[in-house]
Amino acid sequence: MHHERWDHNVMGAAFLEDYADLVNAKVAEGVLDKTREMARDMLAEGDSVEKVARITHLSEETIRKL
């Protein structure tokens, strides 16, 4: 007898979707951290807030808080 609730393929797919969401969130967080680091480095080199915003796609408000 087959029951979807206990179908390991269905259960596995749901687990992988949840895991993929977690991995994607962690990757996005890491990319944002690196972008902020790059913005701080650019500011330290004397680049303007406007230029840093244009290059990094961070908001000027976010850059000013760095």
# chains A, B, ... in the order shown; residues from 1 in each chain; ligands from 1
>>> residues_around(residues="Leu32 of chain A", least_positions_apart="5", cutoff="12 Å", atoms="only C-alpha atoms", output="MDAnalysis selection string")
chainID A and resid 25:27 37:39 56:58 62
>>> closest_residue(among="A:Ile55, A:Ala13, A:Tyr19, A:Asn24", to="Leu43 of chain A", atoms="only C-alpha atoms")
A:Ile55
>>> residues_around(residues="Arg64 of chain A", least_positions_apart="2", cutoff="10 Å", atoms="only C-alpha atoms", output="ChimeraX atom specification")
/A:39-40,43,49,53,59-62,66
>>> select_by_dssp(residues="chain A", states="alpha helix (DSSP H)", output="JSON, numbers by chain")
{"A": [8, 9, 10, 11, 12, 13, 14, 15, 16, 17, 18, 19, 20, 21, 22, 23, 24, 25, 26, 27, 28, 29, 30, 31, 32, 33, 34, 35, 36, 37, 38, 39, 40, 41, 42, 43, 44, 49, 50, 51, 52, 53, 54, 55, 56, 60, 61, 62, 63, 64, 65]}
>>> atom_distance(atom1="atom CA of Glu29 of chain A", atom2="atom CA of Ser48 of chain A")
24.6 Å
